[in-house]
Structures are given as structure tokens and as C-alpha cells.
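Participant: My questions will all concern the structure given below.
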Amino acid sequence: APFFDLGGALARTRAKVIVLDRADGVAAYASLKVGEARGAFHNAESDDVAIDVDPIDLIKWLTFRESRIAARDAYVDALGLETLRLTYEGCVADPSRCFSDALAFLGEGSSDVERLADATAVKRDARPLRSRVANADEVLAALTDAGLPTGALAAPTRVALFSDRPRAAATTFSSVCANAKAPLKLHGVFPDKDAVAAVSAALSFGPCAFSELSFQTLAEAEEAVRDRVVA
């Protein structure tokens with residue numbers, strides 16, 4: 001049978017590589033099983049399909065997935081090619097930035113960014129992951145016992161931070177996300193809108209991509225407190 005050396009072809013042509021991963025493996029598995037249960041993985045309609053997850057099968061699938069991703073990453077790194085890594089969560093949260101980064105990486109103009117973002121299919125099922133897994137508590141316990149990340153299956157942990165140093169704040173939040181075994185609700189209060197924008201942009205991709213982010217300026221936070229006191 002003919003053999004096509006894709007890696008060799010990429011290396012010879014000095015191609016650029018874009019790697020797109022779903023950061024939350026538990027959500028990826030659940031999405032796959034929900035799609036199988038409903039008989040469709042993406043369309044414009046909505047329904048309330050919920051699934052029972054076999055914890056043992058999920059843990060085996062996550063372990064296999066992790067090994068395959070590690071092998072793929074080692075293979076891509078060995079090619080020595082320019083590589084852009086994107087996450088599904090980051091692209092869903094901010095399609096415009098996702099397309100902008102991809103086009104810039106490929107050396108293309110940015111004039112089509114908004115058109116591409118607008119044409120992107122809407123995420124089909126926006127329900128929390130727990131509502132799509134009927135035995136969520138059982139699965140969560142099994143993942144915790146196995147020492148595996150629970151992704152968006154767990155109830156989010158709230159983290160709040162006030163800082164006048166946006167770069168340091170972004171580093172802190174990234175570190176918290178990288179070490180979290182559950183989704184986070186991150187809230188930050190910063191001096192002005194420029195600082196808010198800087199932190200938000202820094203966290204749109206990477207380990208914080210699947211967490212819920214909200215930020216305020218100091219003036220907005222003070223006004224919100226005053227409104228609550230008056231009320």
C-alpha cells in the first residue's frame with residue numbers, strides 16, 4: 001500500500017502548523033456521548049438530552065487521550081516547525097480573536113476576521129455540563145478518586161482579585177487556572193479600562209480559557225457597592 005509521509009512533507013515545505021485542542025477532556029467525552037445519543041453532533045435545534053456516563057470508560061478514555069496528545073505534541077515539536085496552539089474553549093469564547101491569531105500566524109490579512117467570526121456556527125448546547133450528565137456526582141467522585149481533572153463537571157470555585165498591576169494579576173490567574181482541577185469563576189477589579197482589557201486579553205486562551213471571567217474597573221466596583229448599600 002502507498003505510504004504518505006505527512007510529517008516529512010510538512011518539514012520539507014516548512015509549513016506552519018495550527019494545533020486545536022479542547023482543553024477540557026471531560027467535556028469532550030460528554031459532548032461525544034451526547035452527540036451519539038441524539039444522533040447529531042451539531043445543528044441549530046436544541047434539546048434536553050442527558051446521558052449516563054460510565055466512570056471507568058471515561059477514565060480509560062481520558063488516559064488514552066492524554067497519551068495520544070503527548071505523542072502528537074512530541075511529534076509536532078520534533079518537526080521543528082512554527083506552531084500555533086489554540087483551544088476550543090478560547091475560540092468559542094472569542095471567535096474574532098481566534099481567527100485573528102490564526103490569520104496573523106499564517107501571514108494573511110485581518111480584513112476577514114469579523115466575517116469569519118460571524119459565520120462561525122453557534123455552539124449547540126450551552127447548558128452546564130452537570131445538566132448533561134445524569135450521574136454527574138458519581139462521575140465527579142470517580143474522577144476525584146483517580147486524581148484526574150474534573151473540568152467543567154465540578155461546581156465552579158470563585159476567585160477574586162484586586163490589583164493595580166495587570167500583568168502580575170494575569171500571571172496569578174493563569175497559575176491558579178493551571179493548578180485547578182475544577183472550573184473557576186474569576187473576578188478581577190483593576191484601576192481602569194485599559195487594565196481590564198489587558199488582563200482579559202491575556203486570559204482568553206490557555207489554562208483559563210474554560211473558566212468564567214468577569215472584570216470591573218475600580219470605579220465600576222465602587223458604584224456597584226454603593227448601589228447595593230442604597231438598595
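For the C-alpha cells, the naming scheme is as follows: chains receive sequential letters (A, B, ...) according to their order of presentation, residues are indexed from 1 within each chain, and ligands are indexed from 1 in presentation order.
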Would you kindly return, as a ChimeraX atom specification, each protein, DNA or RNA residue with an atom no farther than 10 Å from any atom of Arg14 of chain A, considering only C-alpha atoms and excluding same-chain residues fewer than 4 positions away?
Facilitator: /A:8-10,79-82
Participant: Could you take the residues named above and write them with C-alpha atoms, as a CSV table (one decimal), in the first residue's frame?
Facilitator:
```csv
chain,number,residue,atom,x,y,z
A,8,GLY,CA,8.2,14.7,6.1
A,9,ALA,CA,6.2,16.7,3.6
A,10,LEU,CA,5.4,19.4,6.2
A,79,LEU,CA,9.4,18.6,13.2
A,80,GLY,CA,10.7,22.0,14.3
A,81,LEU,CA,8.1,24.0,12.5
A,82,GLU,CA,6.3,27.2,13.5
```
Participant: With only C-alpha atoms as the counted atoms, please give the residues lying no more than 9 Å from segment 100-114 of chain A, apart from itself and same-chain residues fewer than 4 positions off, as a ChimeraX atom specification.
Facilitator: /A:16,18,82-84,86,95-96,118-119
Participant: So which residues touch Arg72 of chain A within 12 Å, counting only C-alpha atoms, skipping near sequence neighbours fewer than 5 positions away, as a count of residues only?
Facilitator: 10
Participant: Please identify the helix (DSSP H, G or I) residues within chain A (assignment by DSSP from backbone atoms) and present them as a ChimeraX atom specification.
Facilitator: /A:6-13,25-38,55-79,88-93,95-105,113-119,129-132,136-145,151-153,166-178,193-203,218-230
Participant: Those selected residues, please, written with C-alpha atoms and delivered as a CSV table (one decimal), in the first residue's frame.
Facilitator:
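Listed below is the output, selection_23.csv:
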```csv
chain,number,residue,atom,x,y,z
A,6,LEU,CA,2.9,13.8,6.1
A,7,GLY,CA,5.5,14.9,8.7
A,8,GLY,CA,8.2,14.7,6.1
A,9,ALA,CA,6.2,16.7,3.6
A,10,LEU,CA,5.4,19.4,6.2
A,11,ALA,CA,9.1,19.6,7.1
A,12,ARG,CA,10.3,19.8,3.5
A,13,THR,CA,7.9,22.6,2.7
A,25,GLY,CA,-11.3,16.4,28.3
A,26,VAL,CA,-14.3,15.5,30.4
A,27,ALA,CA,-16.4,18.0,28.4
A,28,ALA,CA,-15.0,16.5,25.1
A,29,TYR,CA,-16.1,13.0,26.2
A,30,ALA,CA,-19.5,14.1,27.3
A,31,SER,CA,-20.0,16.0,24.0
A,32,LEU,CA,-19.1,12.9,22.1
A,33,LYS,CA,-21.6,10.8,24.0
A,34,VAL,CA,-24.4,13.3,23.9
A,35,GLY,CA,-23.9,13.6,20.1
A,36,GLU,CA,-24.1,9.8,19.8
A,37,ALA,CA,-27.3,9.7,22.0
A,38,ARG,CA,-29.1,12.4,20.0
A,55,PRO,CA,-16.9,6.4,35.0
A,56,ILE,CA,-14.5,3.5,34.2
A,57,ASP,CA,-14.9,4.1,30.4
A,58,LEU,CA,-14.4,7.8,30.9
A,59,ILE,CA,-11.2,7.3,32.9
A,60,LYS,CA,-9.8,4.9,30.3
A,61,TRP,CA,-10.7,7.4,27.5
A,62,LEU,CA,-9.1,10.3,29.3
A,63,THR,CA,-5.9,8.3,29.9
A,64,PHE,CA,-5.7,7.2,26.3
A,65,ARG,CA,-6.5,10.8,25.1
A,66,GLU,CA,-3.7,12.2,27.3
A,67,SER,CA,-1.2,9.7,25.9
A,68,ARG,CA,-2.2,10.4,22.3
A,69,ILE,CA,-1.9,14.2,22.8
A,70,ALA,CA,1.5,13.8,24.4
A,71,ALA,CA,2.7,11.6,21.5
A,72,ARG,CA,1.3,14.1,18.9
A,73,ASP,CA,2.9,17.1,20.7
A,74,ALA,CA,6.3,15.3,20.7
A,75,TYR,CA,5.9,14.5,17.0
A,76,VAL,CA,5.0,18.1,16.1
A,77,ASP,CA,7.8,19.5,18.3
A,78,ALA,CA,10.3,17.2,16.6
A,79,LEU,CA,9.4,18.6,13.2
A,88,TYR,CA,-11.7,25.1,21.5
A,89,GLU,CA,-12.7,26.9,24.7
A,90,GLY,CA,-10.8,30.0,23.7
A,91,CYS,CA,-12.2,30.0,20.2
A,92,VAL,CA,-15.8,29.6,21.5
A,93,ALA,CA,-15.3,32.4,24.0
A,95,PRO,CA,-14.1,33.7,17.8
A,96,SER,CA,-12.7,37.1,16.5
A,97,ARG,CA,-9.5,36.7,18.4
A,98,CYS,CA,-9.2,33.1,17.4
A,99,PHE,CA,-9.5,33.9,13.7
A,100,SER,CA,-7.3,37.0,14.1
A,101,ASP,CA,-4.5,35.0,15.7
A,102,ALA,CA,-4.7,32.2,13.1
A,103,LEU,CA,-4.7,34.7,10.2
A,104,ALA,CA,-1.8,36.6,11.6
A,105,PHE,CA,0.1,33.4,12.2
A,113,VAL,CA,-11.9,38.3,10.8
A,114,GLU,CA,-15.3,39.6,11.6
A,115,ARG,CA,-16.9,37.9,8.6
A,116,LEU,CA,-15.4,34.6,9.6
A,117,ALA,CA,-16.4,35.1,13.2
A,118,ASP,CA,-20.0,35.9,12.3
A,119,ALA,CA,-20.2,32.9,10.0
A,129,LEU,CA,-22.0,20.2,31.8
A,130,ARG,CA,-23.6,18.9,35.0
A,131,SER,CA,-27.0,19.1,33.5
A,132,ARG,CA,-26.0,17.0,30.5
A,136,ALA,CA,-22.6,13.8,37.5
A,137,ASP,CA,-21.9,13.3,41.2
A,138,GLU,CA,-20.9,9.6,40.7
A,139,VAL,CA,-18.6,10.6,37.8
A,140,LEU,CA,-17.2,13.5,39.7
A,141,ALA,CA,-16.3,11.3,42.7
A,142,ALA,CA,-14.6,8.7,40.4
A,143,LEU,CA,-12.5,11.4,38.7
A,144,THR,CA,-11.5,12.9,42.1
A,145,ASP,CA,-10.6,9.4,43.5
A,151,GLY,CA,-13.1,20.0,34.1
A,152,ALA,CA,-16.4,21.8,33.9
A,153,LEU,CA,-18.2,18.9,35.6
A,166,PRO,CA,-2.5,43.9,35.3
A,167,ARG,CA,0.5,41.7,34.2
A,168,ALA,CA,1.0,40.3,37.7
A,169,ALA,CA,-2.7,39.7,38.0
A,170,ALA,CA,-2.9,37.8,34.7
A,171,THR,CA,0.1,35.7,35.8
A,172,THR,CA,-1.6,34.9,39.1
A,173,PHE,CA,-4.9,34.0,37.5
A,174,SER,CA,-3.1,31.8,34.9
A,175,SER,CA,-1.2,30.0,37.7
A,176,VAL,CA,-4.5,29.4,39.6
A,177,CYS,CA,-6.2,28.0,36.4
A,178,ALA,CA,-3.2,25.8,35.6
A,193,LYS,CA,-10.5,50.0,31.4
A,194,ASP,CA,-7.0,49.6,29.8
A,195,ALA,CA,-6.0,47.3,32.6
A,196,VAL,CA,-9.2,45.3,32.4
A,197,ALA,CA,-8.7,44.9,28.6
A,198,ALA,CA,-5.1,43.8,29.1
A,199,VAL,CA,-5.9,41.1,31.7
A,200,SER,CA,-8.9,39.9,29.7
A,201,ALA,CA,-6.8,39.5,26.5
A,202,ALA,CA,-4.1,37.7,28.4
A,203,LEU,CA,-6.5,35.1,29.8
A,218,LEU,CA,-12.3,50.3,40.4
A,219,ALA,CA,-14.9,53.0,39.7
A,220,GLU,CA,-17.4,50.3,38.5
A,221,ALA,CA,-16.8,48.2,41.6
A,222,GLU,CA,-17.3,51.2,43.9
A,223,GLU,CA,-20.5,52.2,42.1
A,224,ALA,CA,-21.8,48.6,42.4
A,225,VAL,CA,-21.1,48.6,46.2
A,226,ARG,CA,-22.9,52.0,46.6
A,227,ASP,CA,-25.9,50.7,44.7
A,228,ARG,CA,-26.1,47.7,47.0
A,229,VAL,CA,-25.8,49.8,50.1
A,230,VAL,CA,-28.5,52.2,48.9
```
Participant: Record the distance separating atom CA of Arg165 of chain A and atom CA of Pro191 of chain A, expressed in Å with one decimal.
Facilitator: 8.7 Å
